[in-house]
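The file my_file_27.txt contains compact mmCIF, N, CA and C atoms:
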```txt
# COMPACT_ATOMS: atom_id res chain seq x y z
N MET A 238 119.57 124.71 76.66
CA MET A 238 119.25 123.52 77.45
C MET A 238 118.33 122.60 76.64
N ASN A 239 118.54 121.34 76.74
CA ASN A 239 117.75 120.35 76.03
C ASN A 239 116.32 120.37 76.57
N ASN A 240 115.37 120.67 75.69
CA ASN A 240 113.97 120.76 76.10
C ASN A 240 113.41 119.43 76.57
N GLU A 241 113.89 118.32 76.00
CA GLU A 241 113.38 117.01 76.39
C GLU A 241 113.78 116.64 77.81
N ALA A 242 114.91 117.18 78.28
CA ALA A 242 115.35 116.88 79.65
C ALA A 242 114.35 117.42 80.66
N LYS A 243 113.63 118.50 80.29
CA LYS A 243 112.66 119.10 81.19
C LYS A 243 111.26 118.50 81.02
N GLU A 244 111.09 117.66 80.02
CA GLU A 244 109.78 117.07 79.76
C GLU A 244 109.36 116.17 80.92
N VAL A 245 108.16 116.44 81.44
CA VAL A 245 107.63 115.63 82.54
C VAL A 245 106.88 114.46 81.93
N GLU A 246 107.27 113.25 82.32
CA GLU A 246 106.58 112.07 81.82
C GLU A 246 105.44 111.67 82.75
N ILE A 247 105.68 111.78 84.06
CA ILE A 247 104.66 111.37 85.04
C ILE A 247 104.40 112.51 86.01
N LEU A 248 103.13 112.83 86.17
CA LEU A 248 102.72 113.74 87.24
C LEU A 248 102.05 112.85 88.29
N LEU A 249 102.68 112.74 89.45
CA LEU A 249 102.16 111.95 90.56
C LEU A 249 101.44 112.89 91.50
N VAL A 250 100.14 112.68 91.68
CA VAL A 250 99.32 113.51 92.56
C VAL A 250 98.93 112.64 93.75
N GLU A 251 99.66 112.80 94.85
CA GLU A 251 99.51 111.90 96.01
C GLU A 251 99.86 112.66 97.28
N ASP A 252 98.93 112.71 98.23
CA ASP A 252 99.17 113.43 99.47
C ASP A 252 99.87 112.56 100.52
N ASN A 253 99.81 111.25 100.38
CA ASN A 253 100.42 110.35 101.37
C ASN A 253 101.89 110.13 100.99
N ALA A 254 102.80 110.63 101.84
CA ALA A 254 104.23 110.57 101.54
C ALA A 254 104.72 109.13 101.40
N THR A 255 104.20 108.23 102.20
CA THR A 255 104.62 106.83 102.12
C THR A 255 104.23 106.22 100.79
N ASP A 256 102.96 106.43 100.38
CA ASP A 256 102.50 105.91 99.09
C ASP A 256 103.28 106.54 97.94
N ALA A 257 103.56 107.84 98.04
CA ALA A 257 104.32 108.52 96.99
C ALA A 257 105.73 107.93 96.90
N GLU A 258 106.37 107.74 98.03
CA GLU A 258 107.73 107.18 98.05
C GLU A 258 107.75 105.77 97.48
N LEU A 259 106.78 104.95 97.84
CA LEU A 259 106.69 103.59 97.30
C LEU A 259 106.47 103.62 95.79
N THR A 260 105.63 104.52 95.33
CA THR A 260 105.37 104.66 93.90
C THR A 260 106.64 105.07 93.16
N ILE A 261 107.31 106.09 93.68
CA ILE A 261 108.54 106.57 93.05
C ILE A 261 109.61 105.49 93.05
N ARG A 262 109.75 104.78 94.16
CA ARG A 262 110.75 103.71 94.26
C ARG A 262 110.46 102.61 93.23
N ALA A 263 109.20 102.21 93.10
CA ALA A 263 108.83 101.17 92.14
C ALA A 263 109.10 101.61 90.71
N LEU A 264 108.83 102.88 90.42
CA LEU A 264 109.09 103.39 89.07
C LEU A 264 110.59 103.51 88.80
N LYS A 265 111.35 103.95 89.81
CA LYS A 265 112.81 104.07 89.65
C LYS A 265 113.45 102.71 89.37
N LYS A 266 112.92 101.68 89.99
CA LYS A 266 113.45 100.33 89.81
C LYS A 266 113.45 99.94 88.32
N ASN A 267 112.50 100.49 87.57
CA ASN A 267 112.40 100.22 86.13
C ASN A 267 112.83 101.43 85.29
N ASN A 268 113.59 102.34 85.91
CA ASN A 268 114.08 103.55 85.23
C ASN A 268 112.94 104.36 84.61
N LEU A 269 111.83 104.46 85.32
CA LEU A 269 110.67 105.18 84.81
C LEU A 269 110.37 106.47 85.58
N ALA A 270 111.24 106.82 86.53
CA ALA A 270 110.94 107.99 87.37
C ALA A 270 111.88 109.16 87.10
N ASN A 271 112.59 109.12 85.99
CA ASN A 271 113.56 110.18 85.69
C ASN A 271 112.90 111.54 85.53
N ASN A 272 111.75 111.56 84.89
CA ASN A 272 111.05 112.82 84.63
C ASN A 272 109.70 112.83 85.33
N LEU A 273 109.73 112.63 86.65
CA LEU A 273 108.52 112.57 87.46
C LEU A 273 108.43 113.82 88.33
N VAL A 274 107.23 114.37 88.42
CA VAL A 274 106.96 115.47 89.34
C VAL A 274 105.91 114.98 90.32
N TRP A 275 106.18 115.17 91.61
CA TRP A 275 105.24 114.78 92.66
C TRP A 275 104.63 116.03 93.25
N VAL A 276 103.30 116.12 93.21
CA VAL A 276 102.58 117.20 93.87
C VAL A 276 101.69 116.58 94.95
N LYS A 277 101.46 117.33 96.02
CA LYS A 277 100.88 116.75 97.23
C LYS A 277 99.40 117.05 97.46
N ASP A 278 98.78 117.81 96.55
CA ASP A 278 97.35 118.05 96.68
C ASP A 278 96.77 118.43 95.31
N GLY A 279 95.45 118.44 95.24
CA GLY A 279 94.78 118.71 93.98
C GLY A 279 94.99 120.11 93.46
N ALA A 280 95.07 121.09 94.35
CA ALA A 280 95.29 122.47 93.92
C ALA A 280 96.66 122.61 93.26
N GLU A 281 97.68 121.98 93.84
CA GLU A 281 99.02 122.04 93.27
C GLU A 281 99.05 121.33 91.91
N ALA A 282 98.30 120.24 91.77
CA ALA A 282 98.23 119.52 90.49
C ALA A 282 97.65 120.43 89.41
N LEU A 283 96.56 121.12 89.73
CA LEU A 283 95.94 122.02 88.76
C LEU A 283 96.86 123.19 88.42
N ASP A 284 97.55 123.74 89.43
CA ASP A 284 98.51 124.81 89.17
C ASP A 284 99.61 124.33 88.23
N PHE A 285 100.12 123.12 88.46
CA PHE A 285 101.17 122.56 87.62
C PHE A 285 100.68 122.39 86.18
N LEU A 286 99.50 121.80 86.03
CA LEU A 286 98.97 121.50 84.69
C LEU A 286 98.58 122.74 83.89
N PHE A 287 98.11 123.78 84.59
CA PHE A 287 97.61 124.96 83.89
C PHE A 287 98.50 126.18 84.04
N GLY A 288 99.67 126.04 84.67
CA GLY A 288 100.62 127.14 84.78
C GLY A 288 100.12 128.29 85.62
N THR A 289 99.49 127.96 86.75
CA THR A 289 98.98 129.00 87.65
C THR A 289 99.63 128.86 89.03
N GLY A 290 99.31 129.78 89.94
CA GLY A 290 99.83 129.70 91.31
C GLY A 290 101.35 129.63 91.32
N ALA A 291 101.90 128.67 92.07
CA ALA A 291 103.35 128.51 92.20
C ALA A 291 104.01 128.18 90.86
N TYR A 292 103.21 127.71 89.89
CA TYR A 292 103.74 127.33 88.58
C TYR A 292 103.42 128.37 87.50
N ALA A 293 103.02 129.59 87.92
CA ALA A 293 102.70 130.65 86.97
C ALA A 293 103.92 130.92 86.09
N GLY A 294 103.68 130.99 84.81
CA GLY A 294 104.76 131.27 83.86
C GLY A 294 105.49 130.03 83.38
N SER A 295 105.15 128.86 83.93
CA SER A 295 105.82 127.64 83.47
C SER A 295 105.26 127.23 82.11
N ASN A 296 106.04 126.46 81.39
CA ASN A 296 105.65 126.02 80.06
C ASN A 296 104.63 124.89 80.17
N VAL A 297 103.41 125.15 79.73
CA VAL A 297 102.36 124.13 79.80
C VAL A 297 102.08 123.50 78.44
N THR A 298 102.92 123.82 77.46
CA THR A 298 102.71 123.28 76.11
C THR A 298 103.20 121.85 75.97
N CYS A 299 103.93 121.36 76.96
CA CYS A 299 104.42 119.98 76.91
C CYS A 299 103.91 119.26 78.16
N PRO A 300 102.67 118.76 78.12
CA PRO A 300 102.06 118.14 79.30
C PRO A 300 102.70 116.79 79.64
N PRO A 301 102.45 116.29 80.83
CA PRO A 301 102.98 114.97 81.19
C PRO A 301 102.39 113.89 80.29
N LYS A 302 103.11 112.76 80.19
CA LYS A 302 102.62 111.64 79.38
C LYS A 302 101.49 110.91 80.10
N VAL A 303 101.50 110.95 81.44
CA VAL A 303 100.45 110.30 82.22
C VAL A 303 100.35 110.99 83.58
N ILE A 304 99.13 111.02 84.11
CA ILE A 304 98.88 111.53 85.46
C ILE A 304 98.45 110.36 86.33
N LEU A 305 99.17 110.13 87.42
CA LEU A 305 98.78 109.15 88.43
C LEU A 305 98.09 109.93 89.53
N LEU A 306 96.81 109.71 89.70
CA LEU A 306 95.97 110.57 90.53
C LEU A 306 95.31 109.82 91.67
N ASP A 307 95.58 110.27 92.90
CA ASP A 307 94.85 109.76 94.06
C ASP A 307 93.51 110.51 94.10
N LEU A 308 92.51 109.91 94.70
CA LEU A 308 91.20 110.58 94.80
C LEU A 308 91.05 111.39 96.08
N ARG A 309 91.55 110.88 97.18
CA ARG A 309 91.39 111.54 98.48
C ARG A 309 92.54 112.51 98.68
N LEU A 310 92.32 113.76 98.26
CA LEU A 310 93.36 114.78 98.31
C LEU A 310 92.89 116.00 99.08
N PRO A 311 93.83 116.70 99.73
CA PRO A 311 93.46 117.97 100.38
C PRO A 311 93.29 119.08 99.34
N LYS A 312 92.64 120.13 99.74
CA LYS A 312 92.39 121.35 98.97
C LYS A 312 91.42 121.12 97.81
N VAL A 313 91.80 120.34 96.81
CA VAL A 313 90.92 120.00 95.70
C VAL A 313 90.97 118.49 95.56
N ASP A 314 89.82 117.82 95.65
CA ASP A 314 89.86 116.35 95.61
C ASP A 314 90.15 115.83 94.19
N GLY A 315 90.51 114.56 94.12
CA GLY A 315 90.91 113.96 92.86
C GLY A 315 89.83 113.98 91.80
N MET A 316 88.57 113.82 92.20
CA MET A 316 87.47 113.86 91.22
C MET A 316 87.40 115.23 90.54
N GLU A 317 87.61 116.28 91.33
CA GLU A 317 87.57 117.63 90.75
C GLU A 317 88.78 117.85 89.83
N VAL A 318 89.94 117.34 90.21
CA VAL A 318 91.11 117.44 89.34
C VAL A 318 90.81 116.72 88.02
N LEU A 319 90.29 115.51 88.11
CA LEU A 319 89.94 114.74 86.91
C LEU A 319 88.93 115.50 86.06
N ARG A 320 87.91 116.04 86.71
CA ARG A 320 86.86 116.80 86.01
C ARG A 320 87.48 117.95 85.22
N ARG A 321 88.38 118.70 85.84
CA ARG A 321 88.97 119.87 85.18
C ARG A 321 89.95 119.47 84.08
N VAL A 322 90.72 118.42 84.32
CA VAL A 322 91.66 117.95 83.30
C VAL A 322 90.92 117.51 82.04
N LYS A 323 89.86 116.73 82.22
CA LYS A 323 89.13 116.19 81.06
C LYS A 323 88.19 117.22 80.42
N ALA A 324 87.91 118.32 81.12
CA ALA A 324 87.05 119.37 80.56
C ALA A 324 87.83 120.39 79.75
N ASP A 325 89.14 120.42 79.90
CA ASP A 325 89.95 121.44 79.24
C ASP A 325 90.61 120.86 77.99
N GLU A 326 90.46 121.54 76.89
CA GLU A 326 91.01 121.08 75.62
C GLU A 326 92.53 120.87 75.68
N ARG A 327 93.23 121.68 76.47
CA ARG A 327 94.69 121.59 76.55
C ARG A 327 95.17 120.32 77.26
N THR A 328 94.34 119.76 78.13
CA THR A 328 94.77 118.61 78.95
C THR A 328 93.91 117.36 78.74
N ARG A 329 92.85 117.47 77.99
CA ARG A 329 91.89 116.38 77.83
C ARG A 329 92.53 115.07 77.39
N SER A 330 93.55 115.14 76.51
CA SER A 330 94.12 113.91 75.95
C SER A 330 95.20 113.27 76.84
N ILE A 331 95.55 113.91 77.96
CA ILE A 331 96.54 113.31 78.87
C ILE A 331 95.90 112.09 79.54
N PRO A 332 96.52 110.92 79.43
CA PRO A 332 95.96 109.76 80.13
C PRO A 332 96.01 109.98 81.65
N VAL A 333 94.90 109.70 82.30
CA VAL A 333 94.81 109.82 83.75
C VAL A 333 94.51 108.44 84.33
N VAL A 334 95.37 108.02 85.25
CA VAL A 334 95.19 106.75 85.94
C VAL A 334 94.89 107.07 87.40
N VAL A 335 93.71 106.71 87.84
CA VAL A 335 93.38 106.86 89.25
C VAL A 335 94.06 105.70 89.98
N LEU A 336 94.89 106.06 90.96
CA LEU A 336 95.61 105.09 91.79
C LEU A 336 95.23 105.44 93.23
N THR A 337 94.28 104.71 93.77
CA THR A 337 93.67 105.11 95.03
C THR A 337 93.43 103.92 95.95
N SER A 338 93.25 104.21 97.22
CA SER A 338 92.91 103.15 98.17
C SER A 338 91.41 102.85 98.12
N SER A 339 90.65 103.70 97.44
CA SER A 339 89.20 103.51 97.35
C SER A 339 88.86 102.26 96.55
N LYS A 340 87.90 101.53 97.07
CA LYS A 340 87.36 100.38 96.35
C LYS A 340 85.86 100.59 96.14
N GLU A 341 85.41 101.82 96.30
CA GLU A 341 83.99 102.16 96.18
C GLU A 341 83.53 102.10 94.73
N ASP A 342 82.46 101.36 94.48
CA ASP A 342 81.92 101.27 93.12
C ASP A 342 81.54 102.64 92.57
N ARG A 343 81.03 103.52 93.43
CA ARG A 343 80.62 104.85 92.94
C ARG A 343 81.83 105.67 92.50
N ASP A 344 82.99 105.49 93.15
CA ASP A 344 84.21 106.19 92.73
C ASP A 344 84.67 105.68 91.37
N VAL A 345 84.57 104.37 91.16
CA VAL A 345 84.94 103.78 89.87
C VAL A 345 84.02 104.34 88.78
N ALA A 346 82.72 104.29 89.03
CA ALA A 346 81.73 104.75 88.05
C ALA A 346 81.92 106.23 87.73
N GLU A 347 82.05 107.06 88.77
CA GLU A 347 82.21 108.50 88.53
C GLU A 347 83.50 108.81 87.79
N SER A 348 84.58 108.10 88.14
CA SER A 348 85.86 108.33 87.46
C SER A 348 85.74 108.07 85.96
N TYR A 349 85.10 106.96 85.61
CA TYR A 349 84.94 106.64 84.18
C TYR A 349 83.98 107.61 83.49
N GLN A 350 82.94 108.06 84.20
CA GLN A 350 82.03 109.06 83.62
C GLN A 350 82.77 110.35 83.31
N LEU A 351 83.78 110.67 84.14
CA LEU A 351 84.55 111.90 83.94
C LEU A 351 85.67 111.73 82.92
N GLY A 352 85.91 110.49 82.47
CA GLY A 352 86.90 110.28 81.41
C GLY A 352 88.22 109.68 81.83
N VAL A 353 88.29 109.07 83.02
CA VAL A 353 89.55 108.45 83.45
C VAL A 353 89.94 107.35 82.47
N ASN A 354 91.22 107.13 82.29
CA ASN A 354 91.71 106.10 81.38
C ASN A 354 91.87 104.75 82.06
N SER A 355 92.08 104.76 83.38
CA SER A 355 92.23 103.52 84.14
C SER A 355 91.98 103.82 85.61
N PHE A 356 91.40 102.84 86.31
CA PHE A 356 91.14 102.97 87.74
C PHE A 356 91.77 101.78 88.44
N ILE A 357 92.70 102.05 89.32
CA ILE A 357 93.41 100.99 90.03
C ILE A 357 93.32 101.23 91.53
N SER A 358 92.83 100.22 92.25
CA SER A 358 92.83 100.28 93.71
C SER A 358 94.21 99.85 94.19
N LYS A 359 94.78 100.65 95.08
CA LYS A 359 96.12 100.35 95.59
C LYS A 359 96.12 99.03 96.36
N PRO A 360 97.00 98.13 95.97
CA PRO A 360 97.14 96.89 96.77
C PRO A 360 97.70 97.23 98.15
N VAL A 361 97.35 96.45 99.14
CA VAL A 361 97.77 96.71 100.51
C VAL A 361 99.23 96.33 100.74
N GLY A 362 99.65 95.17 100.27
CA GLY A 362 101.01 94.70 100.51
C GLY A 362 102.05 95.44 99.68
N PHE A 363 103.22 95.67 100.25
CA PHE A 363 104.28 96.41 99.56
C PHE A 363 104.68 95.77 98.24
N GLU A 364 104.95 94.47 98.24
CA GLU A 364 105.42 93.79 97.02
C GLU A 364 104.38 93.90 95.91
N GLU A 365 103.12 93.66 96.26
CA GLU A 365 102.05 93.75 95.26
C GLU A 365 101.89 95.19 94.76
N PHE A 366 102.00 96.15 95.69
CA PHE A 366 101.90 97.56 95.33
C PHE A 366 103.02 97.93 94.35
N ALA A 367 104.26 97.53 94.68
CA ALA A 367 105.42 97.83 93.83
C ALA A 367 105.25 97.21 92.45
N LYS A 368 104.78 95.98 92.40
CA LYS A 368 104.59 95.29 91.12
C LYS A 368 103.51 96.00 90.29
N THR A 369 102.42 96.38 90.92
CA THR A 369 101.34 97.07 90.22
C THR A 369 101.83 98.38 89.64
N VAL A 370 102.56 99.18 90.43
CA VAL A 370 103.06 100.47 89.97
C VAL A 370 104.07 100.29 88.84
N SER A 371 104.94 99.30 88.95
CA SER A 371 105.92 99.04 87.90
C SER A 371 105.23 98.71 86.58
N GLU A 372 104.25 97.81 86.64
CA GLU A 372 103.52 97.42 85.43
C GLU A 372 102.75 98.60 84.84
N LEU A 373 102.19 99.40 85.72
CA LEU A 373 101.46 100.59 85.31
C LEU A 373 102.39 101.55 84.57
N GLY A 374 103.56 101.82 85.14
CA GLY A 374 104.53 102.71 84.51
C GLY A 374 105.02 102.18 83.18
N LEU A 375 105.33 100.90 83.13
CA LEU A 375 105.79 100.29 81.88
C LEU A 375 104.73 100.43 80.79
N TYR A 376 103.50 100.16 81.15
CA TYR A 376 102.43 100.24 80.16
C TYR A 376 102.25 101.68 79.65
N TRP A 377 102.02 102.63 80.57
CA TRP A 377 101.67 103.98 80.15
C TRP A 377 102.83 104.75 79.52
N LEU A 378 104.06 104.42 79.89
CA LEU A 378 105.19 105.15 79.31
C LEU A 378 105.81 104.45 78.11
N LEU A 379 105.80 103.13 78.08
CA LEU A 379 106.50 102.42 77.01
C LEU A 379 105.59 101.71 76.02
N VAL A 380 104.45 101.21 76.45
CA VAL A 380 103.57 100.46 75.57
C VAL A 380 102.50 101.34 74.95
N ASN A 381 101.81 102.11 75.77
CA ASN A 381 100.71 102.96 75.29
C ASN A 381 101.23 104.03 74.34
N ARG A 382 100.47 104.30 73.31
CA ARG A 382 100.83 105.34 72.36
C ARG A 382 99.88 106.52 72.57
N SER A 383 100.44 107.67 72.92
CA SER A 383 99.65 108.87 73.17
C SER A 383 99.69 109.79 71.96
N PRO A 384 98.67 110.64 71.82
CA PRO A 384 98.71 111.62 70.73
C PRO A 384 99.81 112.63 70.97
N LYS A 385 100.40 113.12 69.92
CA LYS A 385 101.46 114.14 70.03
C LYS A 385 100.87 115.49 70.25
```

Now, as a test, write the supplied structure out as C-alpha cells.
Amino acid sequence: MNNEAKEVEILLVEDNATDAELTIRALKKNNLANNLVWVKDGAEALDFLFGTGAYAGSNVTCPPKVILLDLRLPKVDGMEVLRRVKADERTRSIPVVVLTSSKEDRDVAESYQLGVNSFISKPVGFEEFAKTVSELGLYWLLVNRSPK
C-alpha cells in the first residue's frame, strides 16, 4: 500500500460537529481535506498523535502537516493538548493553529507562550468562516514549508 496515501495532512481537533463540518467543507472546496482526520476531544487528539489509547500501535513516525486545534474541548482542553504537543520532541515541530471561538487576550497570550504557530478566532458568519478556513488550509499545506 502506498504510504503517502495514509499520510495525515490535517488533524482537526474540534468537539463542535457543526464547526467541524464547516471546516471540512471549506477545506474540501479547495481539495485540502483528502488526508484529514477529525478527532472530537483533546484526549483523542493526544492518543492519535502519540499512538496511545484507541490509536495504540498506529504509526506515529509521520505526523500531520498541521493541527487545527479548538481550545474548549472535553476531556483534555486545547491548552493542555498544545502544551503536550510542544513539550514533546516527536511533535514539537508540527505547526499548531488554534482555531477557536475565544477572543480572550489571555488565551492568545497563553497559546503563544506555549508555542502555537497561529491563533485565529472563528468568524461568526458562514461565508467569512469558510473563507478563513480555506485561506488557512492553503497557507499551511501549500505555502508554508515544514521541516521533514

### Query
Which residue gives the smallest distance to A:Gly279 among A:Asp342, A:Glu244, A:Asp314, A:Asp256, with only C-alpha atoms counted?
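The shortest atom-to-atom distance to A:Gly279 comes from A:Asp314.
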
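Distance check against A:Lys265 using all atoms listed in the file: of A:Asn296, A:Ser330, A:Ser371, A:Asn381, the minimum falls on A:Ser371.
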
Kindly provide, as lines of an AutoDock Vina configuration file, the centre and edge lengths (Å, one decimal) of an axis-aligned box around all atoms of stretch 342-357 of chain A given in the file, with 8 Å on each side.
```
center_x = 87.0
center_y = 106.4
center_z = 87.9
size_x = 28.8
size_y = 26.9
size_z = 29.1
```

### Task
Run DSSP on the backbone and grab whatever in chain A lands in strand (DSSP E); send it over as a PyMOL selection string.
chain A and resi 247-250+273-276+303-306+333-337+355-358

### Summary
Using only C-alpha atoms, the residue out of A:Thr337, A:Glu372, A:Pro332, A:Glu251 with shortest distance to A:Asn354 is A:Pro332

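Considering all atoms listed in the file, the residue among A:Ala367, A:Ala257, A:Val274, A:Val361 positioned nearest to A:Val245 is A:Val274.
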
### Query
If you run DSSP on this backbone, which residues of stretch 255-374 of chain A come out as helix (DSSP H, G or I), and could you give them as JSON, numbers by chain?
{"A": [255, 256, 257, 258, 259, 260, 261, 262, 263, 264, 265, 266, 279, 280, 281, 282, 283, 284, 285, 286, 287, 290, 291, 292, 315, 316, 317, 318, 319, 320, 321, 322, 323, 324, 342, 343, 344, 345, 346, 347, 348, 349, 350, 363, 364, 365, 366, 367, 368, 369, 370, 371, 372, 373, 374]}

### Task
Give the answer as one residue: which of A:Val353, A:Leu375, A:Leu249, A:Ala270 has the shortest atom-to-atom distance to A:Glu317, using only C-alpha atoms?
A:Val353

### Task
Measure the distance from atom CA of A:Val250 to atom CA of A:Lys312 in Å and round it to one decimal.
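Atom CA of A:Lys312 lies at a distance of 12.3 Å from atom CA of A:Val250.
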
### Query
What does the distance from atom C of A:Ala324 to atom N of A:Thr260 come to in Å, to one decimal?
28.5 Å

### Query
Which residue out of A:Leu308, A:Leu351, A:Asn272, A:Val303 has the minimum interatomic distance to A:Val322 when only N, CA and C atoms are used?
A:Leu351

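One distance worth recording is that between atom CA of A:Lys368 and atom C of A:Ala282, which is 26.1 Å.
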
### Test item: residues at most 7 Å from A:Leu336, all atoms listed in the file, excluding those fewer than 6 positions along its chain, as a list in words
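Result of the neighbour search: Leu305, Leu306, Asp307, Leu308, Ser355, Phe356, Ile357, Ser358 and Lys359 of chain A.
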